[in-house]
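Q: I'm passing along run_7.cif; it holds mmCIF, C-alpha atoms.
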```
data_model
#
loop_
_atom_site.label_atom_id
_atom_site.label_comp_id
_atom_site.auth_asym_id
_atom_site.auth_seq_id
_atom_site.Cartn_x
_atom_site.Cartn_y
_atom_site.Cartn_z
CA CYS A 1 76.29 99.57 101.22
CA ALA A 2 77.43 99.92 104.83
CA TYR A 3 76.07 100.49 108.33
CA SER A 4 77.68 102.97 110.70
CA PRO A 5 79.26 101.43 113.84
CA SER A 6 76.45 102.85 115.98
CA GLY A 7 73.75 101.42 113.71
CA ASN A 8 72.17 104.87 113.33
CA PHE A 9 73.01 105.27 109.65
CA VAL A 10 73.24 103.24 106.47
CA ALA A 11 74.92 104.34 103.25
CA SER A 12 74.73 103.15 99.67
CA GLY A 13 76.24 104.16 96.36
CA GLY A 14 76.02 103.13 92.74
CA LEU A 15 76.07 104.15 89.11
CA ASP A 16 74.88 107.70 89.87
CA ASN A 17 78.36 108.46 91.37
CA ILE A 18 76.70 109.54 94.65
CA CYS A 19 76.93 108.10 98.15
CA SER A 20 73.55 108.46 99.89
CA VAL A 21 73.39 108.35 103.70
CA TYR A 22 70.13 107.43 105.47
CA HIS A 23 69.25 107.98 109.14
CA LEU A 24 67.60 104.87 110.57
CA ASP A 25 65.31 106.77 112.92
CA SER A 26 62.01 105.28 111.80
CA GLU A 27 60.54 102.14 110.28
CA ASN A 28 60.06 103.79 106.88
CA VAL A 29 63.18 105.52 105.60
CA THR A 30 62.70 106.87 102.08
CA GLU A 31 64.98 109.89 101.67
CA PRO A 32 68.69 110.31 102.40
CA VAL A 33 69.70 112.86 105.00
CA VAL A 34 72.95 113.49 103.14
CA GLU A 35 74.23 112.95 99.61
CA LEU A 36 78.00 112.92 99.14
CA VAL A 37 78.70 114.28 95.66
CA GLY A 38 82.18 114.52 94.21
CA HIS A 39 83.18 111.31 92.47
CA THR A 40 83.12 111.28 88.67
CA GLY A 41 82.67 107.52 88.41
CA TYR A 42 80.44 104.87 89.95
CA LEU A 43 80.60 104.19 93.70
CA SER A 44 82.04 100.72 94.27
CA CYS A 45 82.35 100.67 98.07
CA CYS A 46 81.64 102.81 101.14
CA ARG A 47 82.63 102.32 104.78
CA PHE A 48 81.91 104.39 107.90
CA LEU A 49 84.73 105.45 110.20
CA ASN A 50 82.08 106.65 112.66
CA ASP A 51 78.79 108.56 112.49
CA ARG A 52 80.64 111.70 111.33
CA GLN A 53 83.08 110.44 108.69
CA MET A 54 83.15 107.83 105.96
CA LEU A 55 85.33 106.53 103.14
CA THR A 56 84.26 105.84 99.59
CA CYS A 57 85.99 104.43 96.52
CA SER A 58 85.04 104.78 92.91
CA GLY A 59 85.42 103.90 89.28
CA ASP A 60 87.09 107.28 88.84
CA GLY A 61 90.25 105.74 90.35
CA THR A 62 90.08 107.57 93.68
CA CYS A 63 89.10 107.06 97.29
CA ALA A 64 87.67 109.88 99.41
CA LEU A 65 87.26 110.73 103.09
CA TRP A 66 84.07 112.67 103.82
CA ASP A 67 82.63 114.86 106.55
CA ILE A 68 79.09 113.49 106.54
CA ALA A 69 77.29 116.32 108.32
CA ARG A 70 78.78 118.98 106.04
CA SER A 71 78.68 116.82 102.88
CA VAL A 72 82.29 117.85 102.26
CA LYS A 73 85.18 115.82 100.88
CA ILE A 74 88.06 116.11 103.37
CA THR A 75 90.78 114.13 101.56
CA GLU A 76 91.14 112.51 98.15
CA PHE A 77 93.44 109.52 97.64
CA ASN A 78 94.80 109.30 94.11
CA ASP A 79 97.54 106.70 93.52
CA HIS A 80 95.50 103.94 91.83
CA GLN A 81 95.84 103.78 88.04
CA ALA A 82 92.36 102.32 87.38
CA ASP A 83 88.95 101.79 89.00
CA VAL A 84 89.05 101.25 92.78
CA MET A 85 86.78 98.37 93.70
CA GLY A 86 86.99 97.88 97.45
CA LEU A 87 88.37 99.22 100.72
CA SER A 88 88.81 98.09 104.31
CA ILE A 89 89.48 100.27 107.37
CA ALA A 90 92.15 99.23 109.89
CA PRO A 91 90.93 98.24 113.37
CA ASP A 92 92.70 101.30 114.86
CA LYS A 93 91.08 103.50 112.18
CA GLU A 94 94.37 105.22 111.39
CA SER A 95 94.76 103.69 107.93
CA PHE A 96 92.90 101.78 105.26
CA ILE A 97 93.56 99.41 102.37
CA SER A 98 92.11 99.79 98.88
CA GLY A 99 92.15 97.39 95.94
CA GLY A 100 91.59 98.14 92.29
CA CYS A 101 91.60 97.22 88.63
CA ASP A 102 95.32 98.08 88.38
CA ASN A 103 95.81 94.73 90.19
CA ASN A 104 97.29 96.52 93.22
CA SER A 105 96.33 97.01 96.85
CA ILE A 106 97.43 100.25 98.52
CA LEU A 107 97.87 101.09 102.21
CA TRP A 108 96.84 104.68 102.99
CA ASP A 109 97.51 106.89 106.02
CA LEU A 110 94.26 108.63 106.94
CA GLN A 111 96.03 111.54 108.66
CA THR A 112 98.42 112.46 105.83
CA GLY A 113 96.32 111.26 102.89
CA LYS A 114 99.43 109.61 101.44
CA SER A 115 99.98 106.06 100.23
CA GLU A 116 102.36 104.14 102.48
CA LEU A 117 102.78 100.80 100.70
CA THR A 118 101.69 99.13 97.47
CA PHE A 119 101.11 95.36 97.37
CA THR A 120 101.41 93.47 94.09
CA GLY A 121 100.90 89.86 93.03
CA HIS A 122 97.47 89.57 91.45
CA VAL A 123 97.35 89.37 87.66
CA GLN A 124 93.79 90.65 87.23
CA ASP A 125 91.43 93.17 88.86
CA ILE A 126 91.17 93.18 92.66
CA ASN A 127 87.50 93.21 93.69
CA CYS A 128 87.70 93.17 97.49
CA VAL A 129 90.09 93.64 100.41
CA GLU A 130 89.69 92.86 104.10
CA TYR A 131 91.88 93.56 107.14
CA PHE A 132 92.96 90.65 109.33
CA PRO A 133 91.41 91.16 112.80
CA ASN A 134 94.69 92.23 114.44
CA GLY A 135 95.36 94.83 111.76
CA ASN A 136 98.81 93.49 110.83
CA ALA A 137 97.72 91.76 107.62
CA PHE A 138 95.00 91.85 105.01
CA ALA A 139 93.51 89.65 102.31
CA SER A 140 92.56 90.53 98.75
CA GLY A 141 90.28 88.78 96.24
CA SER A 142 90.66 89.04 92.49
CA ASP A 143 89.30 88.27 89.04
CA ASP A 144 92.26 85.87 88.75
CA ALA A 145 90.25 83.46 90.98
CA SER A 146 92.67 83.75 93.90
CA CYS A 147 92.85 85.37 97.31
CA LYS A 148 96.13 86.50 98.80
CA LEU A 149 97.20 87.20 102.37
CA PHE A 150 99.71 90.03 102.83
CA ASP A 151 101.81 90.92 105.88
CA ILE A 152 101.70 94.71 106.18
CA ARG A 153 104.75 95.13 108.40
CA ALA A 154 106.93 92.98 106.14
CA ASN A 155 105.31 94.28 102.92
CA ARG A 156 105.12 90.79 101.46
CA GLU A 157 102.70 88.08 100.38
CA LEU A 158 102.28 85.31 102.94
CA LEU A 159 99.87 82.88 101.27
CA SER A 160 97.73 82.48 98.18
CA TYR A 161 94.37 80.69 98.25
CA ARG A 162 93.12 79.13 95.02
CA THR A 163 91.13 76.00 94.25
CA ASN A 164 91.31 74.00 91.04
CA THR A 165 87.57 73.33 91.19
CA CYS A 166 86.56 76.95 90.55
CA GLU A 167 88.16 79.40 88.15
CA LYS A 168 85.56 82.11 88.73
CA GLN A 169 86.38 85.59 90.00
CA VAL A 170 86.43 86.30 93.73
CA THR A 171 83.64 88.73 94.60
CA SER A 172 83.70 88.96 98.41
CA ILE A 173 85.87 87.88 101.36
CA ALA A 174 85.60 87.95 105.16
CA PHE A 175 87.66 86.71 108.11
CA SER A 176 86.23 84.95 111.14
CA SER A 177 86.49 86.98 114.35
CA SER A 178 89.68 85.10 115.32
CA GLY A 179 91.15 85.33 111.83
CA ARG A 180 91.67 81.57 111.65
CA SER A 181 89.14 81.13 108.83
CA LEU A 182 88.79 83.05 105.58
CA PHE A 183 85.41 82.95 103.84
CA VAL A 184 85.59 83.41 100.07
CA ALA A 185 82.67 83.99 97.70
CA GLN A 186 83.26 83.55 93.98
CA ASP A 187 81.07 83.96 90.93
CA ASP A 188 79.41 80.61 91.60
CA PRO A 189 76.81 79.44 94.16
CA ASN A 190 79.21 78.31 96.91
CA CYS A 191 81.15 80.06 99.69
CA ARG A 192 84.48 78.37 100.40
CA VAL A 193 86.13 78.33 103.82
CA TRP A 194 89.92 78.34 104.06
CA ASP A 195 92.25 77.71 106.98
CA THR A 196 94.08 81.05 106.96
CA LEU A 197 97.30 79.55 108.30
CA LYS A 198 97.57 76.66 105.85
CA GLY A 199 95.94 77.67 102.58
CA GLU A 200 96.34 74.22 101.06
CA SER A 201 92.72 73.64 100.05
CA PRO A 202 89.29 74.71 101.34
CA ILE A 203 88.33 73.13 104.64
CA GLY A 204 84.63 73.49 103.86
CA GLU A 205 81.96 74.87 101.56
CA LEU A 206 78.73 76.63 102.42
CA LYS A 207 76.11 75.49 99.93
CA SER A 208 72.60 76.90 99.81
CA HIS A 209 72.50 79.42 96.98
CA SER A 210 71.29 78.32 93.58
CA GLN A 211 73.19 80.96 91.60
#
```
Would you put the structure from the file into structure tokens?

A:
Amino acid sequence: CAYSPSGNFVASGGLDNICSVYHLDSENVTEPVVELVGHTGYLSCCRFLNDRQMLTCSGDGTCALWDIARSVKITEFNDHQADVMGLSIAPDKESFISGGCDNNSILWDLQTGKSELTFTGHVQDINCVEYFPNGNAFASGSDDASCKLFDIRANRELLSYRTNTCEKQVTSIAFSSSGRSLFVAQDDPNCRVWDTLKGESPIGELKSHSQ
């Protein structure tokens, strides 16, 4: 699920292949104001560009840009060869990154609808991607139990983050506001914190979950 930048809307998607958008205009919100129908596989991720447009990605191997008010698909992005699991919008909102079960991350131009770069290196499904705060790099997390940091301008891998104490898949990642720390959740109870610049071993663990 995702909140719009204004906080006026929230969206969710799932196994019904539909992205449902809700207007947060009251304490009890029960029905979506818009349903975005067009994917032929499950919805794995959705992100708002603004209150008028949003991006989705799906198990059908595509990403889509939507006009929310008209419930119309504006652009479809097709270069992945398997399920697309996650996406992240660039800070300038001119491009986005997607990651999928073909083990690749793809940089897309939102204006042209074309793929610009493909980043390789993972050996299993990519579950999540996240832009670095300055927009010049991004991180990806995979079933291969690693995260990788890629430089977009150089089209190359900068660092790989992997601990010997956990071989579980990476399910979620996030940068600190400065980008100095990378928070990594895996299929275990702990959230590991990495120094983005060093990547030698986790500098901390957040422990409170039981599963």

Q: What would the selection look like, as a PyMOL selection string, if the PyMOL selection byres ((chain A and resi 66-72) around 8) were run on the coordinates I just shared?

A: chain A and resi 34-37+51-55+64-65+73-75

Q: Calculated over all atoms listed in the file, which of the candidates A:Leu159, A:Val21, A:Ile126, A:Val170 has the smallest distance to A:Ser201?

A: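 Closest to A:Ser201, using all atoms listed in the file: A:Leu159.
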
Q: With the file shown as input, list the residues that the PyMOL selection byres ((chain A and resi 122) around 7) selects, as a list in words.

A: Asn103, Thr120, Gly121, Val123, Gln124, Ser142 and Asp144 of chain A

Q: Please write the residues from the selection above to a file, keeping C-alpha atoms, as a PDB file, in the coordinates of the input.

A:
```
ATOM      1  CA  ASN A 103      95.810  94.730  90.190  1.00  0.00           C
ATOM      2  CA  THR A 120     101.410  93.470  94.090  1.00  0.00           C
ATOM      3  CA  GLY A 121     100.900  89.860  93.030  1.00  0.00           C
ATOM      4  CA  VAL A 123      97.350  89.370  87.660  1.00  0.00           C
ATOM      5  CA  GLN A 124      93.790  90.650  87.230  1.00  0.00           C
ATOM      6  CA  SER A 142      90.660  89.040  92.490  1.00  0.00           C
ATOM      7  CA  ASP A 144      92.260  85.870  88.750  1.00  0.00           C
TER       8      ASP A 144
END
```

Q: Can you list what the PyMOL selection byres ((chain A and resi 162) around 9) grabs from this structure, as a short mmCIF file (atom, residue, chain, number, x, y, z; two decimals) with C-alpha atoms, keeping the file's coordinate frame?

A:
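Output saved as result-v9.cif:
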```
data_model
loop_
_atom_site.label_atom_id
_atom_site.label_comp_id
_atom_site.auth_asym_id
_atom_site.auth_seq_id
_atom_site.Cartn_x
_atom_site.Cartn_y
_atom_site.Cartn_z
CA ALA A 145 90.25 83.46 90.98
CA SER A 146 92.67 83.75 93.90
CA CYS A 147 92.85 85.37 97.31
CA LYS A 148 96.13 86.50 98.80
CA SER A 160 97.73 82.48 98.18
CA TYR A 161 94.37 80.69 98.25
CA THR A 163 91.13 76.00 94.25
CA ASN A 164 91.31 74.00 91.04
CA THR A 165 87.57 73.33 91.19
CA CYS A 166 86.56 76.95 90.55
CA GLU A 167 88.16 79.40 88.15
CA GLY A 199 95.94 77.67 102.58
CA GLU A 200 96.34 74.22 101.06
CA SER A 201 92.72 73.64 100.05
CA PRO A 202 89.29 74.71 101.34
#
```

Q: One decimal, in Å: what's the spacing between atom CA of A:Ser172 and atom CA of A:Asn78?

A: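 Spanning atom CA of A:Ser172 to atom CA of A:Asn78 is a straight-line distance of 23.6 Å.
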
Q: So the first atom is atom CA of A:Ile152 and the second is atom CA of A:Gly13; what is the distance between them in Å, to one decimal place?

A: 28.9 Å

Q: If you count all atoms listed in the file, which residues fall within 10 Å of A:Asn136, apart from same-chain ones fewer than 3 positions away, as number ranges by chain?

A: A: 90-91, 131-133, 150-154

Q: Compare A:Gly135, A:Asn190, A:Ser58, A:Phe119 by their minimum atom-to-atom distance to A:Glu94, counting all atoms listed in the file, and give me the closest one.

A: A:Gly135

Q: Could you check which of A:Phe175, A:Phe138, A:Trp108, A:Tyr42 is closest to A:Asp83, using all atoms listed in the file?

A: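 Ranking A:Phe175, A:Phe138, A:Trp108, A:Tyr42 by distance to A:Asp83, first place goes to A:Tyr42.
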
Q: Given the choices A:Leu107, A:Ala174, A:Cys57, A:Ala137, which gets closest to A:Gly41 if the distance is worked out from all atoms listed in the file?

A: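 Result for the nearest residue to A:Gly41: A:Cys57.
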
Q: What's around A:Ile106 at 6 Å? Count all atoms listed in the file, leave out sequence neighbours fewer than 3 positions away in its own chain, and write the answer as a PyMOL selection string.

A: chain A and resi 97-98+117-118

Q: Show me the residues close to (87.4, 76.8, 103.0) - anything with an atom within 8 Å, counting all atoms listed in the file - and format the list as a list in words.

A: Ser181, Leu182, Phe183, Val184, Cys191, Arg192, Val193, Trp194, Asp195, Ser201, Pro202, Ile203, Gly204 and Glu205 of chain A

Q: Box for stretch 78-97 of chain A - axis-aligned, 3 Å on each of the six sides, all listed atoms - centre and size in Å to one decimal, as JSON.

A:
```
{"center_x": 92.2, "center_y": 103.6, "center_z": 101.1, "size_x": 16.8, "size_y": 17.4, "size_z": 33.5}
```

Q: Check the smallest atom-to-atom distance from each of A:Thr56, A:Asn155, A:Thr40, A:Asn50 to A:Ser6 using all atoms listed in the file, then report the winner.

A: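 Once distances to A:Ser6 are computed over all atoms listed in the file, the minimum belongs to A:Asn50.
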
Q: Smallest atom-to-atom distance to A:Ser4: which of A:Leu49, A:Val29, A:Ala139, A:Cys19, using all atoms listed in the file?

A: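 Result for the nearest residue to A:Ser4: A:Leu49.
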
Q: Separation of atom CA of A:Ser210 and atom CA of A:Pro189, in Å?

A: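 Interatomic distance here is 5.7 Å.
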